[in-house]
$ cat model00.csv   # CSV, N, CA and C atoms
chain,number,residue,atom,x,y,z
A,1,MET,N,8.2,-6.5,-27.2
A,1,MET,CA,8.3,-7.5,-26.1
A,1,MET,C,7.0,-8.3,-26.0
A,2,GLY,N,6.0,-8.0,-26.8
A,2,GLY,CA,4.8,-8.8,-26.9
A,2,GLY,C,3.8,-8.5,-25.7
A,3,LEU,N,3.9,-7.3,-25.1
A,3,LEU,CA,3.0,-7.0,-24.1
A,3,LEU,C,1.7,-6.4,-24.6
A,4,GLU,N,0.6,-6.8,-24.0
A,4,GLU,CA,-0.7,-6.2,-24.5
A,4,GLU,C,-1.3,-5.3,-23.4
A,5,TRP,N,-1.9,-4.3,-23.8
A,5,TRP,CA,-2.6,-3.4,-22.8
A,5,TRP,C,-4.0,-4.0,-22.5
A,6,HIS,N,-4.3,-4.0,-21.3
A,6,HIS,CA,-5.6,-4.4,-20.8
A,6,HIS,C,-6.2,-3.3,-20.0
A,7,TYR,N,-7.2,-2.7,-20.5
A,7,TYR,CA,-7.8,-1.5,-19.7
A,7,TYR,C,-9.0,-2.0,-18.8
A,8,ILE,N,-9.2,-1.3,-17.8
A,8,ILE,CA,-10.3,-1.6,-16.9
A,8,ILE,C,-11.5,-0.9,-17.5
A,9,ASP,N,-12.6,-1.6,-17.6
A,9,ASP,CA,-13.8,-1.1,-18.2
A,9,ASP,C,-14.3,0.1,-17.3
A,10,PRO,N,-14.8,1.2,-18.0
A,10,PRO,CA,-15.3,2.3,-17.2
A,10,PRO,C,-16.4,1.9,-16.2
A,11,GLY,N,-16.3,2.4,-15.0
A,11,GLY,CA,-17.3,2.0,-14.0
A,11,GLY,C,-17.1,0.6,-13.4
A,12,LYS,N,-15.9,0.0,-13.6
A,12,LYS,CA,-15.7,-1.4,-13.1
A,12,LYS,C,-14.4,-1.4,-12.3
A,13,PRO,N,-14.2,-0.6,-11.3
A,13,PRO,CA,-13.0,-0.6,-10.5
A,13,PRO,C,-12.6,-2.0,-9.9
A,14,GLN,N,-13.7,-2.8,-9.7
A,14,GLN,CA,-13.4,-4.1,-9.0
A,14,GLN,C,-12.6,-5.0,-9.9
A,15,GLN,N,-12.4,-4.6,-11.2
A,15,GLN,CA,-11.5,-5.4,-12.1
A,15,GLN,C,-10.1,-5.3,-11.7
A,16,ASN,N,-9.7,-4.4,-10.9
A,16,ASN,CA,-8.3,-4.3,-10.4
A,16,ASN,C,-8.4,-3.8,-8.9
A,17,ALA,N,-8.9,-4.7,-8.1
A,17,ALA,CA,-9.1,-4.4,-6.7
A,17,ALA,C,-7.8,-4.0,-5.9
A,18,PHE,N,-6.7,-4.5,-6.3
A,18,PHE,CA,-5.4,-4.2,-5.6
A,18,PHE,C,-5.1,-2.7,-5.7
A,19,ILE,N,-5.2,-2.2,-6.9
A,19,ILE,CA,-4.8,-0.8,-7.1
A,19,ILE,C,-5.9,0.1,-6.5
A,20,GLU,N,-7.2,-0.3,-6.6
A,20,GLU,CA,-8.3,0.4,-6.0
A,20,GLU,C,-8.1,0.5,-4.5
A,21,SER,N,-7.6,-0.6,-3.9
A,21,SER,CA,-7.4,-0.6,-2.4
A,21,SER,C,-6.2,0.4,-2.1
A,22,PHE,N,-5.2,0.3,-2.9
A,22,PHE,CA,-4.0,1.2,-2.7
A,22,PHE,C,-4.4,2.7,-2.9
A,23,ASN,N,-5.2,2.9,-3.9
A,23,ASN,CA,-5.6,4.3,-4.2
A,23,ASN,C,-6.4,4.9,-3.0
A,24,GLY,N,-7.3,4.0,-2.4
A,24,GLY,CA,-8.1,4.4,-1.3
A,24,GLY,C,-7.2,4.8,-0.1
A,25,ARG,N,-6.2,3.9,0.2
A,25,ARG,CA,-5.3,4.2,1.3
A,25,ARG,C,-4.5,5.5,1.1
A,26,LEU,N,-4.0,5.7,-0.1
A,26,LEU,CA,-3.2,6.9,-0.5
A,26,LEU,C,-4.1,8.1,-0.3
A,27,ARG,N,-5.3,8.0,-0.7
A,27,ARG,CA,-6.2,9.2,-0.6
A,27,ARG,C,-6.6,9.4,0.8
A,28,ASP,N,-7.0,8.4,1.6
A,28,ASP,CA,-7.5,8.6,2.9
A,28,ASP,C,-6.3,8.9,3.9
A,29,GLU,N,-5.2,8.2,3.8
A,29,GLU,CA,-4.1,8.4,4.7
A,29,GLU,C,-3.1,9.5,4.4
A,30,PHE,N,-3.1,9.9,3.2
A,30,PHE,CA,-2.1,10.9,2.8
A,30,PHE,C,-2.7,12.2,2.2
A,31,LEU,N,-3.4,12.0,1.1
A,31,LEU,CA,-3.9,13.2,0.3
A,31,LEU,C,-4.9,14.0,1.1
A,32,ASN,N,-5.8,13.3,1.7
A,32,ASN,CA,-6.9,14.0,2.5
A,32,ASN,C,-6.4,14.6,3.8
A,33,GLU,N,-5.2,14.2,4.2
A,33,GLU,CA,-4.7,14.6,5.5
A,33,GLU,C,-3.6,15.7,5.4
A,34,THR,N,-3.1,16.0,4.2
A,34,THR,CA,-2.0,16.8,4.0
A,34,THR,C,-2.3,18.0,3.2
A,35,LEU,N,-1.9,19.2,3.6
A,35,LEU,CA,-2.1,20.4,2.8
A,35,LEU,C,-0.7,20.8,2.3
A,36,PHE,N,-0.5,20.8,1.0
A,36,PHE,CA,0.8,21.1,0.4
A,36,PHE,C,0.9,22.6,0.1
A,37,THR,N,2.0,23.2,0.4
A,37,THR,CA,2.2,24.6,0.0
A,37,THR,C,3.1,24.7,-1.2
A,38,THR,N,3.9,23.7,-1.5
A,38,THR,CA,4.8,23.7,-2.7
A,38,THR,C,4.8,22.3,-3.3
A,39,LEU,N,5.2,22.3,-4.5
A,39,LEU,CA,5.4,21.0,-5.2
A,39,LEU,C,6.6,20.2,-4.5
A,40,ALA,N,7.6,20.9,-4.2
A,40,ALA,CA,8.8,20.3,-3.5
A,40,ALA,C,8.3,19.6,-2.2
A,41,GLN,N,7.5,20.3,-1.4
A,41,GLN,CA,7.0,19.7,-0.2
A,41,GLN,C,6.2,18.5,-0.4
A,42,ALA,N,5.3,18.5,-1.5
A,42,ALA,CA,4.5,17.4,-1.8
A,42,ALA,C,5.4,16.2,-2.2
A,43,ARG,N,6.4,16.4,-2.9
A,43,ARG,CA,7.4,15.3,-3.3
A,43,ARG,C,8.1,14.7,-2.1
A,44,VAL,N,8.5,15.6,-1.2
A,44,VAL,CA,9.2,15.1,0.0
A,44,VAL,C,8.3,14.3,0.9
A,45,GLU,N,7.1,14.8,1.1
A,45,GLU,CA,6.1,14.1,2.0
A,45,GLU,C,5.6,12.8,1.4
A,46,LEU,N,5.4,12.8,0.0
A,46,LEU,CA,4.9,11.6,-0.6
A,46,LEU,C,6.0,10.5,-0.6
A,47,GLU,N,7.3,10.9,-0.8
A,47,GLU,CA,8.4,10.0,-0.7
A,47,GLU,C,8.4,9.4,0.7
A,48,GLU,N,8.2,10.1,1.8
A,48,GLU,CA,8.2,9.6,3.1
A,48,GLU,C,7.1,8.6,3.3
A,49,TRP,N,5.9,9.0,2.8
A,49,TRP,CA,4.7,8.1,3.0
A,49,TRP,C,5.0,6.8,2.2
A,50,ARG,N,5.5,6.9,1.0
A,50,ARG,CA,5.9,5.7,0.2
A,50,ARG,C,6.9,4.8,0.9
A,51,ARG,N,7.9,5.4,1.4
A,51,ARG,CA,8.9,4.6,2.1
A,51,ARG,C,8.3,3.9,3.3
A,52,ASP,N,7.5,4.6,4.1
A,52,ASP,CA,6.8,4.0,5.2
A,52,ASP,C,5.9,2.9,4.8
A,53,TYR,N,5.1,3.1,3.8
A,53,TYR,CA,4.1,2.1,3.2
A,53,TYR,C,4.8,0.9,2.7
A,54,ASN,N,6.0,1.0,2.1
A,54,ASN,CA,6.7,-0.1,1.4
A,54,ASN,C,7.6,-0.8,2.4
A,55,THR,N,8.0,-0.2,3.5
A,55,THR,CA,9.0,-0.9,4.4
A,55,THR,C,8.6,-1.0,5.8
A,56,GLU,N,7.9,-0.1,6.4
A,56,GLU,CA,7.7,0.0,7.8
A,56,GLU,C,6.3,-0.6,8.3
A,57,ARG,N,5.3,-0.4,7.5
A,57,ARG,CA,4.0,-0.7,8.1
A,57,ARG,C,3.5,-2.1,7.7
A,58,PRO,N,2.9,-2.8,8.6
A,58,PRO,CA,2.4,-4.2,8.4
A,58,PRO,C,1.3,-4.1,7.3
A,59,HIS,N,1.2,-5.2,6.5
A,59,HIS,CA,0.2,-5.4,5.5
A,59,HIS,C,-0.6,-6.6,5.7
A,60,SER,N,-1.9,-6.5,5.7
A,60,SER,CA,-2.7,-7.7,6.0
A,60,SER,C,-2.5,-8.8,5.0
A,61,ALA,N,-2.2,-8.4,3.7
A,61,ALA,CA,-1.9,-9.4,2.7
A,61,ALA,C,-0.6,-10.2,2.9
A,62,LEU,N,0.2,-9.7,3.8
A,62,LEU,CA,1.5,-10.4,4.1
A,62,LEU,C,1.4,-11.0,5.5
A,63,GLY,N,0.2,-11.3,6.0
A,63,GLY,CA,0.1,-11.9,7.3
A,63,GLY,C,0.4,-10.9,8.4
A,64,ASN,N,0.1,-9.6,8.2
A,64,ASN,CA,0.4,-8.5,9.1
A,64,ASN,C,1.9,-8.3,9.4
A,65,LEU,N,2.7,-8.7,8.5
A,65,LEU,CA,4.1,-8.4,8.6
A,65,LEU,C,4.5,-7.2,7.8
A,66,THR,N,5.6,-6.5,8.1
A,66,THR,CA,6.1,-5.5,7.2
A,66,THR,C,6.6,-6.1,6.0
A,67,PRO,N,6.7,-5.4,4.8
A,67,PRO,CA,7.3,-6.0,3.6
A,67,PRO,C,8.8,-6.5,3.9
A,68,ILE,N,9.5,-5.8,4.7
A,68,ILE,CA,10.9,-6.2,4.9
A,68,ILE,C,10.9,-7.5,5.7
A,69,ALA,N,10.1,-7.6,6.8
A,69,ALA,CA,10.0,-8.8,7.6
A,69,ALA,C,9.5,-10.0,6.7
A,70,TYR,N,8.6,-9.8,5.9
A,70,TYR,CA,8.0,-10.8,5.0
A,70,TYR,C,9.1,-11.3,4.1
A,71,ALA,N,9.8,-10.4,3.5
A,71,ALA,CA,10.9,-10.8,2.5
A,71,ALA,C,12.0,-11.6,3.3
A,72,ALA,N,12.4,-11.1,4.5
A,72,ALA,CA,13.4,-11.8,5.2
A,72,ALA,C,12.9,-13.2,5.6
A,73,ARG,N,11.7,-13.3,6.0
A,73,ARG,CA,11.2,-14.6,6.4
A,73,ARG,C,11.2,-15.6,5.2
A,74,ASN,N,10.7,-15.1,4.1
A,74,ASN,CA,10.7,-15.9,2.9
A,74,ASN,C,12.0,-16.2,2.3
A,75,ALA,N,13.0,-15.4,2.5
A,75,ALA,CA,14.4,-15.7,2.0
A,75,ALA,C,15.0,-16.9,2.7
A,76,SER,N,14.5,-17.1,4.0
A,76,SER,CA,15.1,-18.2,4.7
A,76,SER,C,14.3,-19.5,4.5
A,77,VAL,N,13.2,-19.5,3.8
A,77,VAL,CA,12.4,-20.7,3.6
A,77,VAL,C,12.9,-21.4,2.3
A,78,PRO,N,13.3,-22.7,2.4
A,78,PRO,CA,13.8,-23.4,1.2
A,78,PRO,C,12.7,-23.6,0.2
A,79,GLN,N,13.1,-23.7,-1.1
A,79,GLN,CA,12.2,-23.9,-2.2
A,79,GLN,C,11.4,-25.2,-2.0
A,80,GLN,N,10.1,-25.2,-2.3
A,80,GLN,CA,9.4,-26.5,-2.2
A,80,GLN,C,9.8,-27.5,-3.3
A,81,ALA,N,9.7,-28.7,-3.1
A,81,ALA,CA,10.0,-29.7,-4.0
A,81,ALA,C,9.2,-29.5,-5.3
A,82,GLY,N,9.9,-29.6,-6.4
A,82,GLY,CA,9.3,-29.4,-7.7
A,82,GLY,C,9.2,-28.0,-8.2
A,83,ALA,N,9.5,-27.0,-7.3
A,83,ALA,CA,9.5,-25.6,-7.7
A,83,ALA,C,10.9,-25.2,-8.2
A,84,GLN,N,10.9,-24.7,-9.4
A,84,GLN,CA,12.2,-24.4,-10.0
A,84,GLN,C,12.2,-22.9,-10.5
A,85,LEU,N,13.3,-22.3,-10.3
A,85,LEU,CA,13.4,-20.9,-10.9
A,85,LEU,C,13.8,-21.0,-12.3
A,86,THR,N,13.3,-20.1,-13.2
A,86,THR,CA,13.7,-20.2,-14.6
A,86,THR,C,14.4,-18.9,-14.9

$ encode --input "model00.csv" --output "structure tokens"
Amino acid sequence: MGLEWHYIDPGKPQQNAFIESFNGRLRDEFLNETLFTTLAQARVELEEWRRDYNTERPHSALGNLTPIAYAARNASVPQQAGAQLT
């Protein structure tokens, strides 16, 4: 497929600020707050956190809208002149 791997240099997390921000949220809001007693419990609770993060909670990068509200708003916005889908 012609994909190339691009690694982040050791000690340079700012090269991928988006994933570093997500990792911090996951760690602070979920991993540091939850004590798991089984792998099954960890999977269930992580799935609940993931669902909430991806659908229910507002994101500052989306104008403080939830991902669902942002997608619905943008689905109703017509394409700008000159923009074409390929």

$ select_by_dssp --input "model00.csv" --residues "chain A" --states "alpha helix (DSSP H)" --output "ChimeraX atom specification"
/A:17-26,39-51,67-75

$ atom_distance --input "model00.csv" --atom1 "atom C of Ala42 in chain A" --atom2 "atom N of Ser21 in chain A"
21.3 Å

$ closest_residue --input "model00.csv" --among "A:Ala69, A:Ala75, A:Ala17, A:Leu3" --to "Thr55 in chain A" --atoms "only C-alpha atoms"
A:Ala69

$ atom_distance --input "model00.csv" --atom1 "CA of Asn23 in chain A" --atom2 "atom N of Tyr70 in chain A"
22.4 Å

$ atom_distance --input "model00.csv" --atom1 "CA of Arg73 in chain A" --atom2 "atom C of His59 in chain A"
14.3 Å

$ closest_residue --input "model00.csv" --among "A:Ile68, A:Gln41, A:Ile8, A:Glu29" --to "Asn54 in chain A" --atoms "only N, CA and C atoms"
A:Ile68

$ closest_residue --input "model00.csv" --among "A:Phe36, A:Phe30, A:Asn64, A:Pro10" --to "Trp49 in chain A" --atoms "only N, CA and C atoms"
A:Phe30

$ residues_around --input "model00.csv" --residues "Tyr7 in chain A" --least-positions-apart "6" --cutoff "12 Å" --atoms "only C-alpha atoms" --output "PyMOL selection string"
chain A and resi 13+15-16
